[in-house]
>>> print(open('structure_21.csv').read())   # CSV, C-alpha atoms
chain,number,residue,atom,x,y,z
H,1303,MET,CA,-1.1,1.8,9.4
H,1304,LYS,CA,2.1,1.4,7.5
H,1305,THR,CA,3.3,4.0,5.0
H,1306,ARG,CA,3.8,2.3,1.6
H,1307,ILE,CA,6.4,3.6,-0.9
H,1308,LEU,CA,7.0,2.3,-4.5
H,1309,MET,CA,10.2,2.9,-6.5
H,1310,VAL,CA,9.7,2.8,-10.2
H,1311,CYS,CA,12.2,2.6,-13.1
H,1312,LEU,CA,12.1,1.2,-16.6
H,1313,GLY,CA,12.7,-2.5,-16.2
H,1314,ASN,CA,12.8,-3.0,-12.4
H,1315,ILE,CA,16.3,-4.6,-12.5
H,1316,CYS,CA,18.7,-1.8,-11.9
H,1317,ARG,CA,17.7,1.5,-10.3
H,1318,SER,CA,14.4,0.7,-8.5
H,1319,PRO,CA,15.6,-2.5,-6.8
H,1320,LEU,CA,18.5,-0.5,-5.4
H,1321,ALA,CA,16.2,2.4,-4.4
H,1322,GLU,CA,13.9,-0.1,-2.7
H,1323,SER,CA,16.6,-1.7,-0.6
H,1324,ILE,CA,18.4,1.5,0.2
H,1325,LEU,CA,15.2,3.2,1.5
H,1326,SER,CA,14.1,0.0,3.3
H,1327,SER,CA,17.4,0.0,5.1
H,1328,LYS,CA,16.8,3.5,6.5
H,1329,LEU,CA,13.2,3.0,7.7
H,1330,PRO,CA,11.7,0.8,10.5
H,1331,LYS,CA,9.9,-2.2,8.9
H,1332,LYS,CA,7.1,-1.9,11.5
H,1333,ASP,CA,6.1,1.4,10.1
H,1334,PHE,CA,7.0,1.3,6.4
H,1335,ILE,CA,6.8,-1.0,3.4
H,1336,VAL,CA,9.0,-0.2,0.3
H,1337,ASP,CA,8.6,-2.0,-3.0
H,1338,SER,CA,9.7,-1.5,-6.6
H,1339,ALA,CA,8.3,-2.0,-10.1
H,1340,GLY,CA,9.1,-1.2,-13.7
H,1341,THR,CA,7.1,0.4,-16.4
H,1342,GLY,CA,8.2,-2.3,-18.8
H,1343,HIS,CA,7.4,-6.0,-18.8
H,1344,TRP,CA,10.7,-7.5,-20.0
H,1345,HIS,CA,12.1,-8.5,-16.7
H,1346,VAL,CA,9.0,-9.6,-14.8
H,1347,GLY,CA,9.9,-12.4,-12.4
H,1348,LYS,CA,13.7,-12.0,-12.9
H,1349,GLN,CA,16.3,-11.1,-10.3
H,1350,PRO,CA,17.9,-7.7,-10.4
H,1351,ASP,CA,20.8,-7.1,-12.8
H,1352,PRO,CA,24.0,-8.8,-11.5
H,1353,ARG,CA,25.7,-5.4,-11.4
H,1354,SER,CA,22.9,-4.0,-9.1
H,1355,ILE,CA,23.3,-7.1,-6.9
H,1356,ALA,CA,27.0,-6.6,-6.7
H,1357,VAL,CA,26.9,-2.8,-5.8
H,1358,ALA,CA,24.1,-3.5,-3.2
H,1359,ASP,CA,26.2,-6.3,-1.7
H,1360,LYS,CA,29.3,-4.1,-1.6
H,1361,ASN,CA,27.2,-1.6,0.4
H,1362,GLY,CA,25.8,-4.3,2.8
H,1363,LEU,CA,22.4,-4.8,1.2
H,1364,ASP,CA,20.9,-8.0,-0.3
H,1365,ILE,CA,18.6,-7.6,-3.2
H,1366,THR,CA,18.9,-11.2,-4.6
H,1367,TYR,CA,15.4,-12.0,-3.2
H,1368,GLN,CA,13.7,-9.2,-5.3
H,1369,LYS,CA,11.9,-10.2,-8.5
H,1370,GLY,CA,11.0,-7.8,-11.3
H,1371,ARG,CA,7.4,-6.7,-11.7
H,1372,GLN,CA,5.5,-4.2,-13.7
H,1373,ILE,CA,3.6,-1.3,-12.2
H,1374,THR,CA,-0.2,-1.6,-12.3
H,1375,LYS,CA,-3.1,0.7,-11.8
H,1376,ASN,CA,-3.7,-1.0,-8.5
H,1377,ASP,CA,-0.4,0.3,-7.3
H,1378,PHE,CA,-1.9,3.8,-7.2
H,1379,LEU,CA,-4.4,2.5,-4.6
H,1380,GLN,CA,-1.8,0.5,-2.6
H,1381,PHE,CA,1.0,3.0,-2.3
H,1382,ASP,CA,1.2,6.4,-0.5
H,1383,LEU,CA,4.2,7.6,-2.5
H,1384,ILE,CA,5.5,6.6,-5.9
H,1385,TYR,CA,9.1,7.6,-6.7
H,1386,THR,CA,10.2,7.6,-10.3
H,1387,MET,CA,13.8,7.4,-11.5
H,1388,ASP,CA,13.8,9.6,-14.6
H,1389,LEU,CA,11.6,11.9,-16.6
H,1390,SER,CA,10.6,9.3,-19.1
H,1391,VAL,CA,9.4,6.9,-16.5
H,1392,HIS,CA,7.8,9.8,-14.6
H,1393,LYS,CA,5.7,10.8,-17.6
H,1394,GLU,CA,4.7,7.2,-18.2
H,1395,VAL,CA,3.6,6.7,-14.6
H,1396,LEU,CA,1.6,9.9,-14.6
H,1397,GLU,CA,-0.2,8.8,-17.7
H,1398,MET,CA,-1.2,5.6,-15.9
H,1399,ALA,CA,-2.6,7.4,-12.9
H,1400,PRO,CA,-6.3,7.0,-12.7
H,1401,ASP,CA,-7.0,10.4,-11.1
H,1402,GLU,CA,-5.5,13.7,-9.8
H,1403,ALA,CA,-5.0,12.3,-6.2
H,1404,SER,CA,-3.0,9.4,-7.7
H,1405,LYS,CA,-0.8,11.9,-9.8
H,1406,GLU,CA,0.0,13.8,-6.6
H,1407,LYS,CA,1.7,10.6,-5.2
H,1408,VAL,CA,4.2,10.5,-8.1
H,1409,ILE,CA,7.5,12.2,-7.4
H,1410,LEU,CA,10.7,12.3,-9.4
H,1411,ILE,CA,13.2,11.0,-6.8
H,1412,LEU,CA,16.0,13.5,-7.4
H,1413,ASN,CA,13.5,16.4,-6.8
H,1414,GLU,CA,13.9,15.4,-3.1
H,1415,LEU,CA,17.6,16.5,-3.4
H,1416,PHE,CA,17.2,19.2,-6.0
H,1417,PRO,CA,13.6,20.5,-5.8
H,1418,GLY,CA,12.1,21.4,-9.1
H,1419,GLU,CA,15.2,20.6,-11.2
H,1420,ASN,CA,13.7,17.4,-12.7
H,1421,MET,CA,17.0,15.6,-12.9
H,1422,ASP,CA,17.3,11.9,-13.9
H,1423,ILE,CA,18.9,9.0,-12.1
H,1424,PRO,CA,20.8,7.8,-15.2
H,1425,ASP,CA,20.0,4.2,-16.3
H,1426,PRO,CA,23.2,2.3,-15.9
H,1427,TYR,CA,22.0,-0.8,-17.8
H,1428,TYR,CA,24.1,-0.2,-20.9
H,1429,GLY,CA,27.1,1.2,-19.1
H,1430,GLN,CA,30.0,-0.1,-17.0
H,1431,GLN,CA,30.0,-1.1,-13.3
H,1432,ASN,CA,31.0,2.4,-12.2
H,1433,GLY,CA,27.6,3.6,-13.5
H,1434,PHE,CA,26.0,1.4,-10.9
H,1435,GLU,CA,28.2,2.9,-8.2
H,1436,THR,CA,27.2,6.4,-9.2
H,1437,VAL,CA,23.5,5.4,-9.3
H,1438,PHE,CA,23.9,3.8,-5.8
H,1439,ARG,CA,25.4,7.0,-4.4
H,1440,MET,CA,22.7,9.2,-5.9
H,1441,LEU,CA,19.9,7.0,-4.6
H,1442,ASP,CA,21.5,6.8,-1.2
H,1443,GLN,CA,21.6,10.6,-0.9
H,1444,ALA,CA,18.0,10.9,-2.1
H,1445,CYS,CA,16.8,8.2,0.2
H,1446,ASP,CA,18.5,9.9,3.2
H,1447,VAL,CA,16.3,13.0,2.6
H,1448,ILE,CA,13.2,10.9,2.0
H,1449,ALA,CA,13.8,8.8,5.1
H,1450,GLU,CA,14.5,11.8,7.3
H,1451,ARG,CA,11.2,13.5,6.2
H,1452,LEU,CA,9.2,10.3,6.5
H,1453,LEU,CA,10.5,9.6,10.0
H,1454,LYS,CA,9.8,13.1,11.1
H,1455,ASN,CA,6.3,13.0,9.8
H,1456,ASN,CA,5.7,9.6,11.3
H,1457,LYS,CA,6.2,10.7,14.9
>>> encode(input="structure_21.csv", output="structure tokens")
Amino acid sequence: MKTRILMVCLGNICRSPLAESILSSKLPKKDFIVDSAGTGHWHVGKQPDPRSIAVADKNGLDITYQKGRQITKNDFLQFDLIYTMDLSVHKEVLEMAPDEASKEKVILILNELFPGENMDIPDPYYGQQNGFETVFRMLDQACDVIAERLLKNNK
């Protein structure tokens, strides 16, 4: 059975699409499924932000096929791990969780790099292109740690 991982940010057009593609690129598709969603509904069905597309492309990843979607209660049944991008999203996802087992699946992504520090991946939406570069680097580092652990546990 494949391990299923969900990346969640606010609108599912900046951070979580990048996190989805970065982690996907580090894991064998035969063993893992990585998806993304947002807590908000504003960008459902839309492509990622052009600046996310550009930074992904610059790093050899294609996210143009992704379409925004909103997280649902069913996601807690479908996914083994749910990574959130910031404390606000984290809190909102935990509030949606139907039970304690579901809450245990929800992890603030930077806690993989900095355990217990509860740091945010900043939302680059209202910033400049370099904000997307910074977010990409942060996510890449966190996804290295996640992929290493998942691959070790999957043996």
>>> closest_residue(input="structure_21.csv", among="H:Val1357, H:Leu1320, H:Ile1307, H:Leu1383", to="H:Ser1404", atoms="only C-alpha atoms")
H:Leu1383
>>> residues_around(input="structure_21.csv", residues="H:Ser1338", least_positions_apart="6", cutoff="10 Å", atoms="only C-alpha atoms", output="number ranges by chain")
H: 1307-1311, 1314-1315, 1317-1323, 1368-1373, 1384-1386
>>> residues_around(input="structure_21.csv", residues="H:Ile1423", least_positions_apart="2", cutoff="7 Å", atoms="all atoms listed in the file", output="VMD selection string")
chain H and resid 1387 to 1388 1421 1425 1437
>>> closest_residue(input="structure_21.csv", among="H:Asn1456, H:Asn1420, H:Gln1443, H:Thr1305", to="H:Val1391", atoms="all atoms listed in the file")
H:Asn1420
>>> closest_atom_pairs(input="structure_21.csv", of="stretch 1308-1362 of chain H", to="stretch 1426-1429 of chain H", cutoff="10 Å", atoms="all atoms listed in the file", output="tab-separated table")
residue	atom	partner	partner_atom	distance
H:Gly1313	CA	H:Tyr1427	CA	9.6
H:Ile1315	CA	H:Tyr1427	CA	8.7
H:Cys1316	CA	H:Tyr1427	CA	6.8
H:Arg1317	CA	H:Pro1426	CA	7.9
H:Asp1351	CA	H:Tyr1427	CA	8.1
H:Arg1353	CA	H:Tyr1427	CA	8.7
H:Ser1354	CA	H:Pro1426	CA	9.3
>>> atom_distance(input="structure_21.csv", atom1="atom CA of H:Ile1409", atom2="atom CA of H:Gly1433")
22.7 Å
>>> residues_around(input="structure_21.csv", residues="H:Glu1394", least_positions_apart="4", cutoff="8 Å", atoms="all atoms listed in the file", output="VMD selection string")
chain H and resid 1341 1390 1398
>>> closest_atom_pairs(input="structure_21.csv", of="stretch 1358-1445 of chain H", to="stretch 1324-1329 of chain H", cutoff="10 Å", atoms="all atoms listed in the file", output="Markdown table")
| residue | atom | partner | partner_atom | distance |
| --- | --- | --- | --- | --- |
| H:Ala1358 | CA | H:Ile1324 | CA | 8.3 |
| H:Asn1361 | CA | H:Ile1324 | CA | 9.3 |
| H:Gly1362 | CA | H:Ser1327 | CA | 9.7 |
| H:Leu1363 | CA | H:Ile1324 | CA | 7.5 |
| H:Asp1364 | CA | H:Ile1324 | CA | 9.8 |
| H:Ile1365 | CA | H:Ile1324 | CA | 9.7 |
| H:Phe1438 | CA | H:Ile1324 | CA | 8.5 |
| H:Leu1441 | CA | H:Ile1324 | CA | 7.5 |
| H:Asp1442 | CA | H:Ile1324 | CA | 6.3 |
| H:Gln1443 | CA | H:Ile1324 | CA | 9.7 |
| H:Ala1444 | CA | H:Leu1325 | CA | 8.9 |
| H:Cys1445 | CA | H:Leu1325 | CA | 5.4 |
>>> decode(input="structure_21.csv", residues="stretch 1407-1422 of chain H", atoms="all heavy atoms", output="mmCIF file, in the first residue's frame")
data_model
loop_
_atom_site.group_PDB
_atom_site.id
_atom_site.type_symbol
_atom_site.label_atom_id
_atom_site.label_comp_id
_atom_site.auth_asym_id
_atom_site.auth_seq_id
_atom_site.Cartn_x
_atom_site.Cartn_y
_atom_site.Cartn_z
ATOM 1 N N LYS H 1407 -1.963 13.052 12.581
ATOM 2 C CA LYS H 1407 -1.406 13.052 11.233
ATOM 3 C C LYS H 1407 -0.902 14.435 10.819
ATOM 4 O O LYS H 1407 -0.157 14.555 9.854
ATOM 5 C CB LYS H 1407 -2.466 12.626 10.211
ATOM 6 C CG LYS H 1407 -2.979 11.233 10.375
ATOM 7 C CD LYS H 1407 -4.062 10.959 9.338
ATOM 8 C CE LYS H 1407 -4.608 9.554 9.464
ATOM 9 N NZ LYS H 1407 -5.581 9.250 8.393
ATOM 10 N N VAL H 1408 -1.350 15.478 11.519
ATOM 11 C CA VAL H 1408 -1.091 16.862 11.116
ATOM 12 C C VAL H 1408 0.214 17.354 11.735
ATOM 13 O O VAL H 1408 0.374 17.355 12.955
ATOM 14 C CB VAL H 1408 -2.270 17.775 11.525
ATOM 15 C CG1 VAL H 1408 -2.028 19.205 11.057
ATOM 16 C CG2 VAL H 1408 -3.587 17.232 10.969
ATOM 17 N N ILE H 1409 1.132 17.779 10.857
ATOM 18 C CA ILE H 1409 2.473 18.190 11.284
ATOM 19 C C ILE H 1409 2.815 19.530 10.635
ATOM 20 O O ILE H 1409 2.654 19.690 9.418
ATOM 21 C CB ILE H 1409 3.529 17.144 10.856
ATOM 22 C CG1 ILE H 1409 3.171 15.767 11.416
ATOM 23 C CG2 ILE H 1409 4.932 17.562 11.264
ATOM 24 C CD1 ILE H 1409 3.876 14.618 10.717
ATOM 25 N N LEU H 1410 3.309 20.449 11.429
ATOM 26 C CA LEU H 1410 3.820 21.710 10.894
ATOM 27 C C LEU H 1410 5.138 21.395 10.189
ATOM 28 O O LEU H 1410 6.072 20.870 10.811
ATOM 29 C CB LEU H 1410 4.010 22.703 12.039
ATOM 30 C CG LEU H 1410 4.244 24.157 11.682
ATOM 31 C CD1 LEU H 1410 3.063 24.759 10.914
ATOM 32 C CD2 LEU H 1410 4.498 24.958 12.951
ATOM 33 N N ILE H 1411 5.241 21.680 8.901
ATOM 34 C CA ILE H 1411 6.335 21.161 8.079
ATOM 35 C C ILE H 1411 7.726 21.554 8.588
ATOM 36 O O ILE H 1411 8.640 20.732 8.563
ATOM 37 C CB ILE H 1411 6.141 21.516 6.589
ATOM 38 C CG1 ILE H 1411 7.077 20.664 5.718
ATOM 39 C CG2 ILE H 1411 6.304 23.010 6.347
ATOM 40 C CD1 ILE H 1411 6.726 20.645 4.247
ATOM 41 N N LEU H 1412 7.897 22.770 9.069
ATOM 42 C CA LEU H 1412 9.242 23.165 9.527
ATOM 43 C C LEU H 1412 9.637 22.509 10.841
ATOM 44 O O LEU H 1412 10.811 22.540 11.221
ATOM 45 C CB LEU H 1412 9.391 24.682 9.599
ATOM 46 C CG LEU H 1412 9.652 25.364 8.259
ATOM 47 C CD1 LEU H 1412 9.913 26.862 8.459
ATOM 48 C CD2 LEU H 1412 10.793 24.732 7.490
ATOM 49 N N ASN H 1413 8.684 21.879 11.539
ATOM 50 C CA ASN H 1413 9.060 21.116 12.727
ATOM 51 C C ASN H 1413 9.890 19.895 12.351
ATOM 52 O O ASN H 1413 10.543 19.311 13.217
ATOM 53 C CB ASN H 1413 7.827 20.720 13.538
ATOM 54 C CG ASN H 1413 7.360 21.850 14.442
ATOM 55 O OD1 ASN H 1413 8.032 22.864 14.595
ATOM 56 N ND2 ASN H 1413 6.195 21.673 15.031
ATOM 57 N N GLU H 1414 9.890 19.527 11.083
ATOM 58 C CA GLU H 1414 10.767 18.447 10.619
ATOM 59 C C GLU H 1414 12.226 18.890 10.656
ATOM 60 O O GLU H 1414 13.109 18.091 10.893
ATOM 61 C CB GLU H 1414 10.374 18.003 9.206
ATOM 62 C CG GLU H 1414 9.021 17.358 9.130
ATOM 63 C CD GLU H 1414 8.964 15.969 9.776
ATOM 64 O OE1 GLU H 1414 9.941 15.511 10.400
ATOM 65 O OE2 GLU H 1414 7.908 15.333 9.644
ATOM 66 N N LEU H 1415 12.467 20.170 10.395
ATOM 67 C CA LEU H 1415 13.826 20.733 10.443
ATOM 68 C C LEU H 1415 14.182 21.264 11.827
ATOM 69 O O LEU H 1415 15.323 21.143 12.267
ATOM 70 C CB LEU H 1415 13.961 21.900 9.448
ATOM 71 C CG LEU H 1415 14.154 21.580 7.990
ATOM 72 C CD1 LEU H 1415 14.191 22.863 7.171
ATOM 73 C CD2 LEU H 1415 15.422 20.777 7.763
ATOM 74 N N PHE H 1416 13.209 21.875 12.457
ATOM 75 C CA PHE H 1416 13.412 22.538 13.746
ATOM 76 C C PHE H 1416 12.354 22.031 14.730
ATOM 77 O O PHE H 1416 11.362 22.715 14.990
ATOM 78 C CB PHE H 1416 13.311 24.059 13.595
ATOM 79 C CG PHE H 1416 14.157 24.618 12.488
ATOM 80 C CD1 PHE H 1416 13.584 25.020 11.281
ATOM 81 C CD2 PHE H 1416 15.535 24.714 12.626
ATOM 82 C CE1 PHE H 1416 14.360 25.521 10.254
ATOM 83 C CE2 PHE H 1416 16.318 25.215 11.607
ATOM 84 C CZ PHE H 1416 15.733 25.618 10.413
ATOM 85 N N PRO H 1417 12.539 20.822 15.257
ATOM 86 C CA PRO H 1417 11.517 20.193 16.103
ATOM 87 C C PRO H 1417 11.041 21.098 17.243
ATOM 88 O O PRO H 1417 11.838 21.669 17.976
ATOM 89 C CB PRO H 1417 12.223 18.943 16.642
ATOM 90 C CG PRO H 1417 13.267 18.631 15.623
ATOM 91 C CD PRO H 1417 13.723 19.972 15.109
ATOM 92 N N GLY H 1418 9.718 21.225 17.336
ATOM 93 C CA GLY H 1418 9.096 21.958 18.433
ATOM 94 C C GLY H 1418 9.199 23.465 18.358
ATOM 95 O O GLY H 1418 8.689 24.160 19.232
ATOM 96 N N GLU H 1419 9.829 24.010 17.297
ATOM 97 C CA GLU H 1419 9.985 25.474 17.216
ATOM 98 C C GLU H 1419 8.782 26.159 16.574
ATOM 99 O O GLU H 1419 8.671 27.386 16.630
ATOM 100 C CB GLU H 1419 11.286 25.828 16.497
ATOM 101 C CG GLU H 1419 12.506 25.441 17.331
ATOM 102 C CD GLU H 1419 13.799 25.994 16.786
ATOM 103 O OE1 GLU H 1419 13.775 27.024 16.075
ATOM 104 O OE2 GLU H 1419 14.840 25.391 17.073
ATOM 105 N N ASN H 1420 7.899 25.383 15.942
ATOM 106 C CA ASN H 1420 6.656 25.914 15.360
ATOM 107 C C ASN H 1420 6.865 27.127 14.471
ATOM 108 O O ASN H 1420 6.187 28.141 14.606
ATOM 109 C CB ASN H 1420 5.640 26.220 16.465
ATOM 110 C CG ASN H 1420 5.241 24.974 17.214
ATOM 111 O OD1 ASN H 1420 5.255 23.871 16.676
ATOM 112 N ND2 ASN H 1420 4.898 25.134 18.469
ATOM 113 N N MET H 1421 7.808 27.005 13.556
ATOM 114 C CA MET H 1421 8.118 28.097 12.620
ATOM 115 C C MET H 1421 7.248 27.984 11.371
ATOM 116 O O MET H 1421 6.897 26.894 10.942
ATOM 117 C CB MET H 1421 9.598 28.044 12.250
ATOM 118 C CG MET H 1421 10.520 28.264 13.440
ATOM 119 S SD MET H 1421 12.258 27.916 13.056
ATOM 120 C CE MET H 1421 12.548 29.032 11.706
ATOM 121 N N ASP H 1422 6.947 29.143 10.778
ATOM 122 C CA ASP H 1422 6.138 29.208 9.560
ATOM 123 C C ASP H 1422 7.001 29.205 8.310
ATOM 124 O O ASP H 1422 8.092 29.785 8.301
ATOM 125 C CB ASP H 1422 5.337 30.516 9.518
ATOM 126 C CG ASP H 1422 4.223 30.589 10.542
ATOM 127 O OD1 ASP H 1422 3.885 29.556 11.145
ATOM 128 O OD2 ASP H 1422 3.694 31.706 10.728
#
